[in-house]
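Source file: model19.txt; contents: compact mmCIF, C-alpha atoms.
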# COMPACT_ATOMS: atom_id res chain seq x y z
CA MET A 114 15.56 -4.25 2.46
CA ARG A 115 14.70 -7.46 4.26
CA LYS A 116 14.37 -10.78 2.43
CA ILE A 117 10.74 -11.82 1.88
CA ASP A 118 9.96 -15.45 1.06
CA LEU A 119 6.54 -15.88 2.69
CA ILE A 120 3.12 -14.21 2.46
CA VAL A 121 0.73 -15.17 5.25
CA ILE A 122 -3.05 -14.66 5.00
CA HIS A 123 -5.00 -13.91 8.19
CA CYS A 124 -8.50 -12.92 9.24
CA SER A 125 -9.28 -10.38 11.94
CA ALA A 126 -11.39 -13.01 13.76
CA THR A 127 -14.29 -10.57 13.99
CA ARG A 128 -17.99 -11.17 13.39
CA GLU A 129 -19.38 -10.78 9.90
CA ASP A 130 -22.28 -8.62 11.14
CA ARG A 131 -19.97 -5.98 12.68
CA ASP A 132 -17.48 -3.56 11.18
CA PHE A 133 -13.89 -3.68 12.36
CA THR A 134 -11.92 -0.78 10.94
CA GLU A 135 -8.17 -0.45 10.68
CA HIS A 136 -8.42 1.92 13.66
CA ASN A 137 -10.14 -0.83 15.69
CA LEU A 138 -7.41 -3.23 14.59
CA ASP A 139 -4.71 -0.78 15.67
CA VAL A 140 -6.30 -0.39 19.12
CA ALA A 141 -6.64 -4.17 19.50
CA HIS A 142 -3.00 -4.78 18.57
CA ARG A 143 -1.69 -2.03 20.85
CA ARG A 144 -3.69 -3.56 23.73
CA ARG A 145 -1.80 -6.80 23.04
CA GLY A 146 1.49 -4.94 23.38
CA PHE A 147 2.29 -4.44 19.69
CA ASN A 148 3.69 -1.18 18.38
CA GLY A 149 0.79 -0.66 15.94
CA ILE A 150 -0.93 -3.08 13.58
CA GLY A 151 1.09 -6.26 13.10
CA TYR A 152 -0.11 -6.93 9.53
CA HIS A 153 1.27 -5.13 6.49
CA PHE A 154 -2.10 -4.97 4.72
CA TYR A 155 -5.73 -5.02 5.86
CA ILE A 156 -8.62 -5.69 3.47
CA ARG A 157 -11.95 -4.21 4.50
CA LYS A 158 -15.33 -5.78 3.63
CA ASN A 159 -15.79 -3.31 0.76
CA GLY A 160 -12.49 -4.47 -0.75
CA ASP A 161 -10.44 -1.45 0.25
CA ILE A 162 -6.81 -2.44 0.77
CA LYS A 163 -5.24 -0.52 3.63
CA THR A 164 -1.47 -0.42 4.04
CA THR A 165 -1.08 -0.76 7.79
CA ARG A 166 2.66 -1.38 8.22
CA PRO A 167 5.53 -0.64 5.84
CA ILE A 168 6.83 -3.84 4.24
CA GLU A 169 10.37 -2.85 5.24
CA ARG A 170 9.27 -3.14 8.88
CA VAL A 171 9.12 -6.64 10.36
CA GLY A 172 5.54 -7.68 11.05
CA ALA A 173 3.93 -8.97 14.22
CA HIS A 174 1.50 -11.52 12.81
CA VAL A 175 2.93 -15.05 13.05
CA LYS A 176 5.48 -16.01 15.67
CA GLY A 177 8.66 -17.46 14.24
CA TYR A 178 8.02 -16.21 10.69
CA ASN A 179 7.77 -12.43 10.99
CA ALA A 180 11.35 -11.61 9.98
CA HIS A 181 10.89 -12.85 6.41
CA SER A 182 7.15 -12.56 5.75
CA ILE A 183 4.39 -10.18 4.76
CA GLY A 184 1.10 -10.36 6.67
CA ILE A 185 -2.24 -9.76 4.96
CA CYS A 186 -5.41 -9.69 7.04
CA TYR A 187 -9.03 -9.49 5.89
CA GLU A 188 -11.84 -8.08 8.01
CA GLY A 189 -14.04 -10.88 9.34
CA GLY A 190 -13.58 -14.61 9.75
CA LEU A 191 -16.40 -15.31 12.21
CA ASP A 192 -20.11 -15.77 11.65
CA ALA A 193 -22.67 -13.70 13.57
CA LYS A 194 -22.45 -16.16 16.48
CA GLY A 195 -18.65 -16.02 16.70
CA LYS A 196 -17.85 -19.33 14.98
CA PRO A 197 -15.07 -19.56 12.32
CA LYS A 198 -16.45 -19.02 8.81
CA ASP A 199 -15.20 -17.78 5.46
CA THR A 200 -16.92 -14.40 5.55
CA ARG A 201 -14.96 -12.81 2.71
CA THR A 202 -17.06 -10.65 0.43
CA GLU A 203 -16.61 -10.80 -3.34
CA TRP A 204 -14.75 -7.48 -3.05
CA GLN A 205 -12.38 -8.93 -0.46
CA LYS A 206 -11.73 -12.01 -2.58
CA HIS A 207 -10.91 -9.84 -5.59
CA SER A 208 -8.70 -7.45 -3.62
CA LEU A 209 -6.84 -10.33 -2.00
CA GLN A 210 -6.07 -11.84 -5.42
CA VAL A 211 -4.92 -8.48 -6.82
CA LEU A 212 -2.72 -7.81 -3.79
CA ILE A 213 -1.14 -11.27 -3.92
CA LYS A 214 -0.42 -10.97 -7.65
CA THR A 215 1.17 -7.56 -7.10
CA LEU A 216 3.32 -8.86 -4.25
CA GLN A 217 4.40 -11.84 -6.37
CA ILE A 218 5.87 -9.43 -8.90
CA ASP A 219 7.87 -7.65 -6.21
CA TYR A 220 8.78 -10.82 -4.28
CA PRO A 221 9.11 -13.69 -6.78
CA GLY A 222 9.53 -17.20 -5.42
CA CYS A 223 7.60 -16.59 -2.22
CA ARG A 224 5.38 -19.15 -0.52
CA ILE A 225 1.77 -18.17 0.21
CA CYS A 226 -0.21 -19.77 3.01
CA GLY A 227 -2.76 -19.19 5.73
CA HIS A 228 -1.79 -18.59 9.35
CA ARG A 229 -3.24 -21.96 10.32
CA ASP A 230 -0.96 -23.66 7.77
CA LEU A 231 2.03 -22.69 9.92
CA SER A 232 0.73 -24.67 12.91
CA PRO A 233 3.03 -27.48 14.11
CA ASP A 234 2.71 -30.90 12.48
CA LEU A 235 1.94 -32.70 15.74
CA ASN A 236 1.67 -36.22 14.33
CA GLY A 237 4.71 -35.82 12.05
CA ASN A 238 2.99 -36.95 8.85
CA GLY A 239 4.14 -33.91 6.86
CA GLU A 240 0.66 -32.37 6.64
CA ILE A 241 -0.99 -29.76 8.85
CA GLU A 242 -4.48 -31.13 9.48
CA PRO A 243 -7.48 -29.32 11.01
CA GLU A 244 -7.05 -30.98 14.40
CA GLU A 245 -3.49 -29.58 14.51
CA TRP A 246 -4.41 -25.96 13.79
CA ILE A 247 -3.53 -23.54 16.56
CA LYS A 248 -6.33 -21.35 15.21
CA ALA A 249 -8.76 -21.53 12.26
CA CYS A 250 -7.42 -18.31 10.73
CA PRO A 251 -7.95 -17.45 7.88
CA CYS A 252 -11.15 -19.58 7.86
CA PHE A 253 -10.71 -20.72 4.25
CA GLU A 254 -8.26 -22.95 2.40
CA VAL A 255 -5.57 -20.69 0.90
CA LYS A 256 -4.26 -23.53 -1.28
CA SER A 257 -7.72 -23.88 -2.92
CA MET A 258 -7.97 -20.13 -3.49
CA LEU A 259 -4.58 -20.09 -5.18
CA SER A 260 -5.38 -23.06 -7.41
CA LYS A 261 -8.43 -21.17 -8.72
CA THR A 262 -6.32 -18.10 -9.47
CA ALA A 263 -4.39 -18.08 -12.73
CA ASN A 264 -0.68 -17.29 -12.70
CA THR A 265 0.19 -18.10 -9.10
CA PRO A 266 3.77 -19.34 -9.59
CA CYS A 267 4.81 -18.51 -6.02
CA HIS A 268 2.49 -21.02 -4.34
CA LYS A 269 4.32 -24.12 -3.18
Target format C-alpha cells, applied to this file:
Amino acid sequence: MRKIDLIVIHCSATREDRDFTEHNLDVAHRRRGFNGIGYHFYIRKNGDIKTTRPIERVGAHVKGYNAHSIGICYEGGLDAKGKPKDTRTEWQKHSLQVLIKTLQIDYPGCRICGHRDLSPDLNGNGEIEPEEWIKACPCFEVKSMLSKTANTPCHK
C-alpha cells in the first residue's frame, strides 16, 4: 500500500447548468492521455460519491503530488457563463464532508487542501495568494470548509 499524506480537492471545471457524468470525465481524461479518470473519487451534483480510481493506484490529478495523495473531484466549478464559482450543491457539500471524514480515519495525519493551494508561492511570502493560483480549482476555500466541519484533525 502506498503512503498517503495528502487529500486534494478539485472541481471538474464544468458549467453548473450542465451535467458532467463520470463517463464524461473518463472520456475527457483519456483525451488528455490519462489511463482513465485521474481522481480517486467523483462527487455528482446529487451527492453520489463515485469511486473512479482505486486508492492503491497513483492518481493523475496534481503534478508533483500524485504519488502520495488522494484526489477528490466534485462536478461543477463554473457558472453558466463559464466563470469560476462555488457551484457545490448541499448534497455535494455533505458528501464531501462525509468522504473526507472517512478518509481521515483510514489515513490519519494527512493534509487536506484544494488544487489551487498547491500552486507555487511566486513571491516567496509563504502564502499562496489568488494571483499566484495556476487555476481557481476547486472554486472555494478548502481551509474555510474544514474550519466549519467539526473533528478535522488532519487539516494543517
Discussion item. If we count only C-alpha atoms and set the cut-off at 12 Å, which residues sit around A:Ile183, ignoring sequence neighbours fewer than 3 positions away in its own chain? Please answer as number ranges by chain.
Written reply: A: 115-123, 151-155, 164-175, 178-180, 186, 212-213, 216-217, 219-220, 223-228
Discussion item. Measuring between only C-alpha atoms, which one of A:Glu135, A:Glu240, A:Asp199, A:Asp234 shows the shortest distance to A:Glu254?
Written reply: A:Asp199
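Excluding A:Gln205 itself and any same-chain residue fewer than 6 positions from it, the protein and nucleic acid residues within 10 Å of it, counting all atoms listed in the file, are Tyr155, Ile156, Arg157, Lys158, Asn159, Gly160, Asp161, Ile162, Tyr187, Glu188 and Val211 of chain A.
Among the candidates A:Val140, A:Leu259, A:Ile247, A:Cys124, the residue lying nearest to A:Ile185 is A:Cys124 (atoms considered: all atoms listed in the file).
Checking A:Ser232, A:Thr134, A:Thr215, A:Asn148 one by one against A:Gly177, counting only C-alpha atoms, you find the shortest gap at A:Ser232.
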Can you tell me, as AutoDock Vina command-line options, the centre and edge lengths (Å, one decimal) of the axis-aligned box enclosing all of stretch 189-198 of chain A's listed atoms after padding each side by 5 Å?
--center_x -18.1 --center_y -15.2 --center_z 12.8 --size_x 19.1 --size_y 18.7 --size_z 17.9
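If you look at atom CA of A:Ser260 and atom CA of A:Gln210, they are 11.4 Å away from each other.
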Fill in: d(atom CA of A:Phe133, atom CA of A:Gly189) in Å
7.8 Å
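Distance-wise, atom CA of A:Leu138 and atom CA of A:Lys163 end up 11.5 Å apart.
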Worksheet item: Of the candidates A:Ile150, A:Val255, A:Ile241, A:Ala249, which shows the shortest atom-to-atom distance to A:Ala126, using only C-alpha atoms?
Response: A:Ala249
Response to the item:
Judged by all atoms listed in the file, the minimum distance to A:Leu209 among A:Met258, A:Ser182, A:Gly190, A:Met114 is found for A:Met258
